[in-house]
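See below for upload03.pdb, which holds PDB, C-alpha atoms and all ligand atoms.
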ATOM      1  CA  MET A   1     125.021 117.781 110.251  1.00  0.00           C
ATOM      2  CA  ILE A   2     122.771 116.903 107.387  1.00  0.00           C
ATOM      3  CA  SER A   3     120.632 113.798 107.600  1.00  0.00           C
ATOM      4  CA  ARG A   4     120.860 110.888 105.185  1.00  0.00           C
ATOM      5  CA  ILE A   5     117.456 111.631 103.714  1.00  0.00           C
ATOM      6  CA  GLU A   6     118.299 115.289 103.255  1.00  0.00           C
ATOM      7  CA  LYS A   7     121.423 114.204 101.429  1.00  0.00           C
ATOM      8  CA  CYS A   8     119.317 112.035  99.095  1.00  0.00           C
ATOM      9  CA  CYS A   9     117.005 115.004  98.495  1.00  0.00           C
ATOM     10  CA  ILE A  10     119.918 117.225  97.585  1.00  0.00           C
ATOM     11  CA  GLU A  11     121.251 114.603  95.186  1.00  0.00           C
ATOM     12  CA  LYS A  12     117.835 114.402  93.555  1.00  0.00           C
ATOM     13  CA  ARG A  13     117.580 118.187  93.469  1.00  0.00           C
ATOM     14  CA  ILE A  14     114.476 118.299  95.627  1.00  0.00           C
ATOM     15  CA  LYS A  15     113.926 121.752  96.996  1.00  0.00           C
ATOM     16  CA  MET A  16     114.576 121.730 100.727  1.00  0.00           C
ATOM     17  CA  THR A  17     112.839 124.004 103.190  1.00  0.00           C
ATOM     18  CA  ASP A  18     113.565 124.201 106.898  1.00  0.00           C
ATOM     19  CA  GLN A  19     110.437 122.164 107.610  1.00  0.00           C
ATOM     20  CA  ARG A  20     111.356 119.503 105.079  1.00  0.00           C
ATOM     21  CA  ARG A  21     114.789 119.333 106.634  1.00  0.00           C
ATOM     22  CA  VAL A  22     113.282 118.612 110.038  1.00  0.00           C
ATOM     23  CA  ILE A  23     110.980 115.939 108.599  1.00  0.00           C
ATOM     24  CA  ALA A  24     113.908 114.403 106.722  1.00  0.00           C
ATOM     25  CA  ARG A  25     115.889 114.270 109.943  1.00  0.00           C
ATOM     26  CA  VAL A  26     113.052 112.653 111.900  1.00  0.00           C
ATOM     27  CA  LEU A  27     112.664 110.026 109.181  1.00  0.00           C
ATOM     28  CA  SER A  28     116.404 109.384 108.998  1.00  0.00           C
ATOM     29  CA  GLU A  29     116.569 108.809 112.729  1.00  0.00           C
ATOM     30  CA  ALA A  30     113.476 106.600 112.942  1.00  0.00           C
ATOM     31  CA  ILE A  31     114.036 102.892 113.398  1.00  0.00           C
ATOM     32  CA  ASP A  32     110.431 101.963 114.078  1.00  0.00           C
ATOM     33  CA  HIS A  33     108.636 102.493 110.737  1.00  0.00           C
ATOM     34  CA  PRO A  34     106.539 105.412 111.989  1.00  0.00           C
ATOM     35  CA  ASP A  35     103.233 106.461 110.449  1.00  0.00           C
ATOM     36  CA  VAL A  36     102.536 110.041 109.377  1.00  0.00           C
ATOM     37  CA  GLU A  37     101.033 110.999 112.728  1.00  0.00           C
ATOM     38  CA  GLU A  38     104.078 109.785 114.588  1.00  0.00           C
ATOM     39  CA  VAL A  39     106.427 111.563 112.183  1.00  0.00           C
ATOM     40  CA  HIS A  40     104.370 114.706 112.712  1.00  0.00           C
ATOM     41  CA  ARG A  41     104.530 114.357 116.491  1.00  0.00           C
ATOM     42  CA  ARG A  42     108.325 114.068 116.409  1.00  0.00           C
ATOM     43  CA  ALA A  43     108.777 116.839 113.853  1.00  0.00           C
ATOM     44  CA  ALA A  44     106.488 119.195 115.776  1.00  0.00           C
ATOM     45  CA  GLU A  45     108.626 118.694 118.863  1.00  0.00           C
ATOM     46  CA  ILE A  46     111.490 120.241 116.924  1.00  0.00           C
ATOM     47  CA  ASP A  47     109.435 122.832 115.058  1.00  0.00           C
ATOM     48  CA  PRO A  48     105.840 123.296 116.271  1.00  0.00           C
ATOM     49  CA  ARG A  49     104.890 125.143 113.083  1.00  0.00           C
ATOM     50  CA  ILE A  50     105.096 121.932 111.059  1.00  0.00           C
ATOM     51  CA  SER A  51     101.569 120.824 110.185  1.00  0.00           C
ATOM     52  CA  ILE A  52     100.410 117.299 109.555  1.00  0.00           C
ATOM     53  CA  ALA A  53      99.538 118.350 105.989  1.00  0.00           C
ATOM     54  CA  THR A  54     103.164 119.300 105.417  1.00  0.00           C
ATOM     55  CA  VAL A  55     104.282 115.926 106.755  1.00  0.00           C
ATOM     56  CA  TYR A  56     101.822 114.178 104.429  1.00  0.00           C
ATOM     57  CA  ARG A  57     103.043 116.099 101.415  1.00  0.00           C
ATOM     58  CA  THR A  58     106.671 115.523 102.307  1.00  0.00           C
ATOM     59  CA  VAL A  59     106.406 111.769 102.850  1.00  0.00           C
ATOM     60  CA  ARG A  60     104.440 111.429  99.602  1.00  0.00           C
ATOM     61  CA  LEU A  61     107.115 113.353  97.769  1.00  0.00           C
ATOM     62  CA  LEU A  62     109.877 111.261  99.327  1.00  0.00           C
ATOM     63  CA  GLU A  63     107.980 108.105  98.470  1.00  0.00           C
ATOM     64  CA  ALA A  64     107.503 109.227  94.861  1.00  0.00           C
ATOM     65  CA  GLU A  65     111.220 109.989  94.673  1.00  0.00           C
ATOM     66  CA  ASN A  66     111.989 106.504  95.946  1.00  0.00           C
ATOM     67  CA  ILE A  67     113.684 107.785  99.076  1.00  0.00           C
ATOM     68  CA  LEU A  68     111.064 106.399 101.419  1.00  0.00           C
ATOM     69  CA  LYS A  69     109.468 103.002 101.311  1.00  0.00           C
ATOM     70  CA  ARG A  70     105.849 102.686 102.333  1.00  0.00           C
ATOM     71  CA  HIS A  71     104.509  99.699 104.230  1.00  0.00           C
ATOM     72  CA  GLU A  72     101.060  98.898 105.482  1.00  0.00           C
ATOM     73  CA  PHE A  73     101.830  95.854 107.610  1.00  0.00           C
ATOM     74  CA  GLY A  74      98.278  94.581 107.329  1.00  0.00           C
ATOM     75  CA  SER A  75      96.834  97.559 109.159  1.00  0.00           C
ATOM     76  CA  GLY A  76      95.858  99.716 106.191  1.00  0.00           C
ATOM     77  CA  ARG A  77      97.845 102.512 107.805  1.00  0.00           C
ATOM     78  CA  ALA A  78     100.888 103.709 105.882  1.00  0.00           C
ATOM     79  CA  ARG A  79     104.190 103.445 107.710  1.00  0.00           C
ATOM     80  CA  TYR A  80     107.520 104.549 106.363  1.00  0.00           C
ATOM     81  CA  GLU A  81     111.185 103.715 106.327  1.00  0.00           C
ATOM     82  CA  GLU A  82     114.185 104.749 104.310  1.00  0.00           C
ATOM     83  CA  VAL A  83     114.709 102.906 101.053  1.00  0.00           C
ATOM     84  CA  ALA A  84     118.449 103.098 101.602  1.00  0.00           C
ATOM     85  CA  SER A  85     118.385 100.698 104.532  1.00  0.00           C
ATOM     86  CA  GLU A  86     119.742  97.229 103.906  1.00  0.00           C
ATOM     87  CA  HIS A  87     117.340  94.635 102.635  1.00  0.00           C
ATOM     88  CA  HIS A  88     115.339  93.022 105.374  1.00  0.00           C
ATOM     89  CA  ASP A  89     111.946  91.505 105.987  1.00  0.00           C
ATOM     90  CA  HIS A  90     109.452  92.335 108.695  1.00  0.00           C
ATOM     91  CA  LEU A  91     107.744  90.481 111.504  1.00  0.00           C
ATOM     92  CA  ILE A  92     104.753  92.420 112.774  1.00  0.00           C
ATOM     93  CA  ASP A  93     103.345  91.984 116.259  1.00  0.00           C
ATOM     94  CA  ILE A  94      99.640  92.344 115.500  1.00  0.00           C
ATOM     95  CA  GLU A  95      98.819  93.215 119.111  1.00  0.00           C
ATOM     96  CA  SER A  96     101.229  96.087 119.620  1.00  0.00           C
ATOM     97  CA  GLY A  97     102.020  96.993 116.038  1.00  0.00           C
ATOM     98  CA  GLN A  98     105.707  96.623 116.839  1.00  0.00           C
ATOM     99  CA  VAL A  99     107.822  95.739 113.835  1.00  0.00           C
ATOM    100  CA  ILE A 100     110.858  93.500 114.052  1.00  0.00           C
ATOM    101  CA  GLU A 101     113.296  93.502 111.180  1.00  0.00           C
ATOM    102  CA  PHE A 102     115.042  90.319 110.251  1.00  0.00           C
ATOM    103  CA  HIS A 103     117.127  88.847 107.503  1.00  0.00           C
ATOM    104  CA  SER A 104     117.265  85.178 106.690  1.00  0.00           C
ATOM    105  CA  ARG A 105     119.704  83.820 104.215  1.00  0.00           C
ATOM    106  CA  GLU A 106     117.636  80.651 103.872  1.00  0.00           C
ATOM    107  CA  ILE A 107     114.474  82.582 103.014  1.00  0.00           C
ATOM    108  CA  GLU A 108     116.321  84.737 100.501  1.00  0.00           C
ATOM    109  CA  GLU A 109     117.731  81.660  98.831  1.00  0.00           C
ATOM    110  CA  LEU A 110     114.416  79.824  98.851  1.00  0.00           C
ATOM    111  CA  GLN A 111     112.690  82.749  97.175  1.00  0.00           C
ATOM    112  CA  ARG A 112     115.365  82.879  94.529  1.00  0.00           C
ATOM    113  CA  LEU A 113     114.895  79.182  93.843  1.00  0.00           C
ATOM    114  CA  ILE A 114     111.122  79.476  93.652  1.00  0.00           C
ATOM    115  CA  ALA A 115     111.387  82.290  91.105  1.00  0.00           C
ATOM    116  CA  LEU A 116     113.916  80.276  89.156  1.00  0.00           C
ATOM    117  CA  HIS A 117     111.640  77.255  89.209  1.00  0.00           C
ATOM    118  CA  TYR A 118     108.977  79.318  87.432  1.00  0.00           C
ATOM    119  CA  GLY A 119     111.495  80.658  84.965  1.00  0.00           C
ATOM    120  CA  TYR A 120     112.251  84.001  86.597  1.00  0.00           C
ATOM    121  CA  ARG A 121     115.241  85.798  87.908  1.00  0.00           C
ATOM    122  CA  LEU A 122     114.200  87.357  91.178  1.00  0.00           C
ATOM    123  CA  VAL A 123     114.623  91.126  91.310  1.00  0.00           C
ATOM    124  CA  GLY A 124     112.801  91.832  94.547  1.00  0.00           C
ATOM    125  CA  HIS A 125     110.312  90.681  97.094  1.00  0.00           C
ATOM    126  CA  ARG A 126     108.336  91.831 100.043  1.00  0.00           C
ATOM    127  CA  LEU A 127     107.755  89.508 102.959  1.00  0.00           C
ATOM    128  CA  GLU A 128     105.694  90.262 106.035  1.00  0.00           C
ATOM    129  CA  LEU A 129     105.119  87.866 108.892  1.00  0.00           C
ATOM    130  CA  TYR A 130     102.300  88.512 111.354  1.00  0.00           C
ATOM    131  CA  GLY A 131     102.432  87.156 114.853  1.00  0.00           C
ATOM    132  CA  VAL A 132     101.245  87.406 118.426  1.00  0.00           C
ATOM    133  CA  PRO A 133     103.757  87.264 121.265  1.00  0.00           C
ATOM    134  CA  THR A 134     104.343  83.841 122.775  1.00  0.00           C
ATOM    135  CA  GLY A 135     105.118  85.187 126.234  1.00  0.00           C
ATOM    136  CA  GLY A 136     108.892  85.148 125.955  1.00  0.00           C
ATOM    137  CA  ARG A 137     108.770  88.578 124.437  1.00  0.00           C
ATOM    138  CA  ARG A 138     111.371  91.224 124.748  1.00  0.00           C
ATOM    139  CA  GLY A 139     108.813  93.885 125.556  1.00  0.00           C
ATOM    140  CA  GLY A 140     108.192  97.137 123.758  1.00  0.00           C
ATOM    141  CA  SER A 141     111.641  98.566 124.246  1.00  0.00           C
ATOM    142  CA  ARG A 142     113.291 100.390 121.417  1.00  0.00           C
ATOM    143  CA  GLU A 143     116.041  97.845 121.650  1.00  0.00           C
ATOM    144  CA  ALA A 144     113.757  95.244 120.165  1.00  0.00           C
ATOM    145  CA  LEU A 145     113.335  97.477 117.138  1.00  0.00           C
ATOM    146  CA  THR A 146     116.959  97.737 116.234  1.00  0.00           C
ATOM    147  CA  ARG A 147     118.343  95.868 113.303  1.00  0.00           C
ATOM    148  CA  GLN A 148     119.496  92.703 114.901  1.00  0.00           C
ATOM    149  CA  PHE A 149     118.698  90.536 111.908  1.00  0.00           C
ATOM    150  CA  LYS A 150     122.083  90.634 110.240  1.00  0.00           C
ATOM    151  CA  ASP A 151     123.499  87.243 109.545  1.00  0.00           C
ATOM    152  CA  GLU A 152     127.075  86.463 108.704  1.00  0.00           C
ATOM    153  CA  GLY A 153     128.103  89.241 106.398  1.00  0.00           C
ATOM    154  CA  SER A 154     125.548  88.671 103.652  1.00  0.00           C
ATOM    155  CA  ASP A 155     124.608  91.749 101.683  1.00  0.00           C
ATOM    156  CA  HIS A 156     121.410  91.175  99.746  1.00  0.00           C
TER     157      HIS A 156
HETATM  158 ZN    ZN B 201     112.144  97.803 107.932  1.00  0.00          ZN
END

Just give me the structure as C-alpha cells.
Ligand SMILES: [Zn+2]
Amino acid sequence: MISRIEKCCIEKRIKMTDQRRVIARVLSEAIDHPDVEEVHRRAAEIDPRISIATVYRTVRLLEAENILKRHEFGSGRARYEEVASEHHDHLIDIESGQVIEFHSREIEELQRLIALHYGYRLVGHRLELYGVPTGGRRGGSREALTRQFKDEGSDH
C-alpha cells in the first residue's frame, strides 16, 4: 500500500526512489512530530542503507513542496508533520518535548475576531503553548499523542 505522503509526491510528480518511499511512509505514520534524527532512526530500521543526509534532503524537499510542515516548538530543532493533517494547534511539554495536539473552536473564533478588528480576514495562524506538567499527567504514552482535540464536527 502506498503511503499518503508518497501519494502526494506522485501527484506533484516528485521522483520517488525506494529510500524516499520508506521515508515517506515513516513520516505518514508518525503522530509525534519527529525530528530528522528520529525519522532517520525509524527509516533505518526498515532500510539500514538510508543515511541521515538522505533523510535531511528528503524532508527539505517535502517541506519545499508543501507536503511537510516544519515546527520548532521553541527548541530550535526542526520537527515535522504532514501538511495534510487537519488544522490543530500544539501544546508542548517543555520538560519531555512531548507535543499534544488540540483544537479549540473558541480560540479559532477569537483569532478570527482579532484579525477582523484590525481590518484583516484571517487566512492562517500558528499557535504554540508551552507548559510543564502539573502532576495529573497522562505520561509519555503514545496514546497521549493521538489527535484527541477534535471538537464537535468543526472543520477548520
Ligand atoms: Zn501537529

- Item | Among the residues A:Met1, A:Val36, A:Val59, A:Ala84, the one that comes closest to Ala24 (chain A) [using only C-alpha atoms] |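 Under the stated criterion, the closest residue is A:Val59.
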
- Find the residues near Gly97 (chain A): any atom within 9 Å, counting all atoms listed in the file, skip ones fewer than 3 places away on the same chain, and give them as a VMD selection string. chain A and resid 73 75 92 to 94

Pull the closest atom pair for each residue of chain A that gets at most 7 Å from ligand ZN 201 (chain B), along with the distance in Å to one decimal, counting all atoms listed in the file, ordering rows by chain and then ascending residue number, as a Markdown table.
| residue | atom | partner | partner_atom | distance |
| --- | --- | --- | --- | --- |
| A:His33 | CA | B:ZN201 | ZN | 6.5 |
| A:Glu81 | CA | B:ZN201 | ZN | 6.2 |
| A:His88 | CA | B:ZN201 | ZN | 6.3 |
| A:Asp89 | CA | B:ZN201 | ZN | 6.6 |
| A:His90 | CA | B:ZN201 | ZN | 6.1 |
| A:Glu101 | CA | B:ZN201 | ZN | 5.5 |

May I have the residues from that selection written out with C-alpha atoms, as a tab-separated table (two decimals), in the coordinates of the input?
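Written output follows (result_27.tsv):
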chain	number	residue	atom	x	y	z
A	33	HIS	CA	108.64	102.49	110.74
A	81	GLU	CA	111.18	103.72	106.33
A	88	HIS	CA	115.34	93.02	105.37
A	89	ASP	CA	111.95	91.50	105.99
A	90	HIS	CA	109.45	92.34	108.70
A	101	GLU	CA	113.30	93.50	111.18

- Query: In terms of the shortest atom-to-atom distance over only C-alpha atoms, which of A:Thr17, A:Ala115, A:Ile100, A:Glu108 is closest to Tyr130 (chain A)?
  - Reply: A:Ile100

- Quick one: of A:Tyr56, A:Val26, A:Asn66, A:Leu127, who's nearest to Lys12 (chain A), counting only C-alpha atoms? A:Asn66

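Picked out by the PyMOL selection byres (((chain A and resi 61) around 12) and not hetatm) when it runs on this file: Cys9, Lys12, Ile14, Lys15, Met16, Arg20, Ile23, Ala24, Thr54, Val55, Tyr56, Arg57, Thr58, Val59, Arg60, Leu62, Glu63, Ala64, Glu65, Asn66, Ile67, Leu68, Lys69 and Arg70 of chain A.
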
Residue members of the PyMOL selection byres (((chain A and resi 22) around 12) and not hetatm) in the file shown, as an mmCIF file with C-alpha atoms, in the frame of the given file:
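Writing done, so here's result08.cif:
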data_model
loop_
_atom_site.group_PDB
_atom_site.id
_atom_site.type_symbol
_atom_site.label_atom_id
_atom_site.label_comp_id
_atom_site.auth_asym_id
_atom_site.auth_seq_id
_atom_site.Cartn_x
_atom_site.Cartn_y
_atom_site.Cartn_z
ATOM 1 C CA MET A 1 125.021 117.781 110.251
ATOM 2 C CA ILE A 2 122.771 116.903 107.387
ATOM 3 C CA SER A 3 120.632 113.798 107.600
ATOM 4 C CA ARG A 4 120.860 110.888 105.185
ATOM 5 C CA ILE A 5 117.456 111.631 103.714
ATOM 6 C CA GLU A 6 118.299 115.289 103.255
ATOM 7 C CA MET A 16 114.576 121.730 100.727
ATOM 8 C CA THR A 17 112.839 124.004 103.190
ATOM 9 C CA ASP A 18 113.565 124.201 106.898
ATOM 10 C CA GLN A 19 110.437 122.164 107.610
ATOM 11 C CA ARG A 20 111.356 119.503 105.079
ATOM 12 C CA ARG A 21 114.789 119.333 106.634
ATOM 13 C CA ILE A 23 110.980 115.939 108.599
ATOM 14 C CA ALA A 24 113.908 114.403 106.722
ATOM 15 C CA ARG A 25 115.889 114.270 109.943
ATOM 16 C CA VAL A 26 113.052 112.653 111.900
ATOM 17 C CA LEU A 27 112.664 110.026 109.181
ATOM 18 C CA SER A 28 116.404 109.384 108.998
ATOM 19 C CA GLU A 29 116.569 108.809 112.729
ATOM 20 C CA VAL A 39 106.427 111.563 112.183
ATOM 21 C CA HIS A 40 104.370 114.706 112.712
ATOM 22 C CA ARG A 41 104.530 114.357 116.491
ATOM 23 C CA ARG A 42 108.325 114.068 116.409
ATOM 24 C CA ALA A 43 108.777 116.839 113.853
ATOM 25 C CA ALA A 44 106.488 119.195 115.776
ATOM 26 C CA GLU A 45 108.626 118.694 118.863
ATOM 27 C CA ILE A 46 111.490 120.241 116.924
ATOM 28 C CA ASP A 47 109.435 122.832 115.058
ATOM 29 C CA PRO A 48 105.840 123.296 116.271
ATOM 30 C CA ARG A 49 104.890 125.143 113.083
ATOM 31 C CA ILE A 50 105.096 121.932 111.059
ATOM 32 C CA SER A 51 101.569 120.824 110.185
ATOM 33 C CA THR A 54 103.164 119.300 105.417
ATOM 34 C CA VAL A 55 104.282 115.926 106.755
ATOM 35 C CA THR A 58 106.671 115.523 102.307
#

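Note that CA of Gly74 (chain A) and CA of Gly124 (chain A) are 19.5 Å apart.
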
- Can you turn the PyMOL selection byres (((chain A and resi 132) around 12) and not hetatm) into a concrete residue list for this file, as a list of chain:residue names?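 What the PyMOL selection byres (((chain A and resi 132) around 12) and not hetatm) grabs from the file is A:Leu91, A:Ile92, A:Asp93, A:Ile94, A:Glu95, A:Ser96, A:Gly97, A:Gln98, A:Val99, A:Leu129, A:Tyr130, A:Gly131, A:Pro133, A:Thr134, A:Gly135, A:Gly136, A:Arg137.
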
- Message: Just to confirm, what's the straight-line distance from CA of Leu113 (chain A) to CA of Glu128 (chain A) in Å (one decimal)?
- Response: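 Result for CA of Leu113 (chain A) versus CA of Glu128 (chain A): 18.9 Å, one decimal.
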
- Item | Atom-to-atom span, CA of Glu37 (chain A) and CA of Arg13 (chain A), Å | 26.4 Å

- Message: Could you check the closest approach to Val83 (chain A) for each of A:His71, A:His103, A:Arg112, A:Arg121 and tell me which residue wins, using all atoms listed in the file?
- Response: A:His71

Given 3 Å on each side, where is the centre and what are the edge lengths in Å to one decimal of the axis-aligned box enclosing the listed atoms of region 28-39 of chain A, as lines of an AutoDock Vina configuration file?
center_x = 108.8
center_y = 106.8
center_z = 111.8
size_x = 21.5
size_y = 15.6
size_z = 11.6

Starting from the block above, write region 11-106 of chain A out to a file with C-alpha atoms, as a CSV table (one decimal), in the first residue's frame, please.
chain,number,residue,atom,x,y,z
A,11,GLU,CA,0.6,13.9,-7.6
A,12,LYS,CA,3.3,16.6,-7.5
A,13,ARG,CA,5.5,14.5,-9.9
A,14,ILE,CA,8.3,14.2,-7.4
A,15,LYS,CA,10.7,11.4,-8.4
A,16,MET,CA,10.4,8.6,-5.9
A,17,THR,CA,13.2,6.2,-5.0
A,18,ASP,CA,12.9,3.2,-2.7
A,19,GLN,CA,14.6,5.2,0.1
A,20,ARG,CA,12.2,8.2,-0.4
A,21,ARG,CA,9.3,5.8,-0.3
A,22,VAL,CA,10.5,4.4,3.1
A,23,ILE,CA,11.0,8.0,4.5
A,24,ALA,CA,7.5,9.0,3.1
A,25,ARG,CA,6.0,6.0,4.9
A,26,VAL,CA,7.7,6.8,8.2
A,27,LEU,CA,6.5,10.4,8.0
A,28,SER,CA,3.0,9.3,7.1
A,29,GLU,CA,2.8,7.0,10.1
A,30,ALA,CA,4.3,9.4,12.6
A,31,ILE,CA,1.9,11.1,15.0
A,32,ASP,CA,4.6,12.6,17.2
A,33,HIS,CA,6.2,15.4,15.1
A,34,PRO,CA,9.5,13.6,14.9
A,35,ASP,CA,12.8,15.4,14.2
A,36,VAL,CA,15.2,14.3,11.4
A,37,GLU,CA,17.2,12.1,13.7
A,38,GLU,CA,14.1,10.2,14.8
A,39,VAL,CA,12.8,9.9,11.2
A,40,HIS,CA,16.2,8.5,10.3
A,41,ARG,CA,16.2,6.0,13.2
A,42,ARG,CA,12.8,4.7,12.1
A,43,ALA,CA,13.6,4.7,8.4
A,44,ALA,CA,16.9,2.9,9.0
A,45,GLU,CA,15.0,0.1,10.8
A,46,ILE,CA,13.3,-0.6,7.6
A,47,ASP,CA,16.2,0.0,5.3
A,48,PRO,CA,19.6,0.4,7.0
A,49,ARG,CA,21.2,1.9,3.9
A,50,ILE,CA,19.2,5.1,4.4
A,51,SER,CA,21.6,7.8,5.6
A,52,ILE,CA,20.7,10.8,7.7
A,53,ALA,CA,21.8,13.0,4.8
A,54,THR,CA,19.2,11.4,2.6
A,55,VAL,CA,16.6,12.0,5.3
A,56,TYR,CA,17.6,15.6,5.5
A,57,ARG,CA,17.4,16.1,1.8
A,58,THR,CA,14.0,14.3,1.6
A,59,VAL,CA,12.3,16.3,4.4
A,60,ARG,CA,13.6,19.6,2.9
A,61,LEU,CA,12.2,18.6,-0.4
A,62,LEU,CA,8.9,17.6,1.1
A,63,GLU,CA,8.8,20.9,3.1
A,64,ALA,CA,9.6,22.9,-0.1
A,65,GLU,CA,6.8,21.1,-1.9
A,66,ASN,CA,4.4,21.9,1.0
A,67,ILE,CA,3.8,18.3,1.9
A,68,LEU,CA,5.5,18.6,5.2
A,69,LYS,CA,5.1,21.3,7.8
A,70,ARG,CA,8.1,22.2,9.9
A,71,HIS,CA,7.8,23.2,13.5
A,72,GLU,CA,10.5,24.2,16.0
A,73,PHE,CA,8.4,24.2,19.2
A,74,GLY,CA,10.7,26.6,20.9
A,75,SER,CA,13.6,24.2,20.8
A,76,GLY,CA,15.4,25.4,17.7
A,77,ARG,CA,15.2,21.8,16.5
A,78,ALA,CA,13.1,21.2,13.4
A,79,ARG,CA,10.3,18.7,13.8
A,80,TYR,CA,7.9,17.7,11.1
A,81,GLU,CA,4.3,16.7,10.4
A,82,GLU,CA,2.2,16.3,7.3
A,83,VAL,CA,0.6,19.4,6.0
A,84,ALA,CA,-2.5,17.4,5.1
A,85,SER,CA,-3.5,16.8,8.7
A,86,GLU,CA,-6.5,18.7,9.9
A,87,HIS,CA,-5.8,22.1,11.4
A,88,HIS,CA,-4.8,22.0,15.0
A,89,ASP,CA,-2.6,23.8,17.5
A,90,HIS,CA,0.1,22.5,19.7
A,91,LEU,CA,0.8,22.3,23.4
A,92,ILE,CA,4.4,21.5,24.1
A,93,ASP,CA,5.6,19.9,27.3
A,94,ILE,CA,8.9,21.7,27.7
A,95,GLU,CA,10.3,19.0,30.0
A,96,SER,CA,9.8,16.0,27.8
A,97,GLY,CA,9.3,17.6,24.4
A,98,GLN,CA,6.0,15.8,24.1
A,99,VAL,CA,3.6,17.5,21.8
A,100,ILE,CA,-0.1,17.5,22.3
A,101,GLU,CA,-2.4,18.5,19.5
A,102,PHE,CA,-5.6,20.3,20.3
A,103,HIS,CA,-8.3,22.2,18.6
A,104,SER,CA,-10.4,24.9,20.2
A,105,ARG,CA,-13.3,26.4,18.5
A,106,GLU,CA,-13.2,29.4,20.9
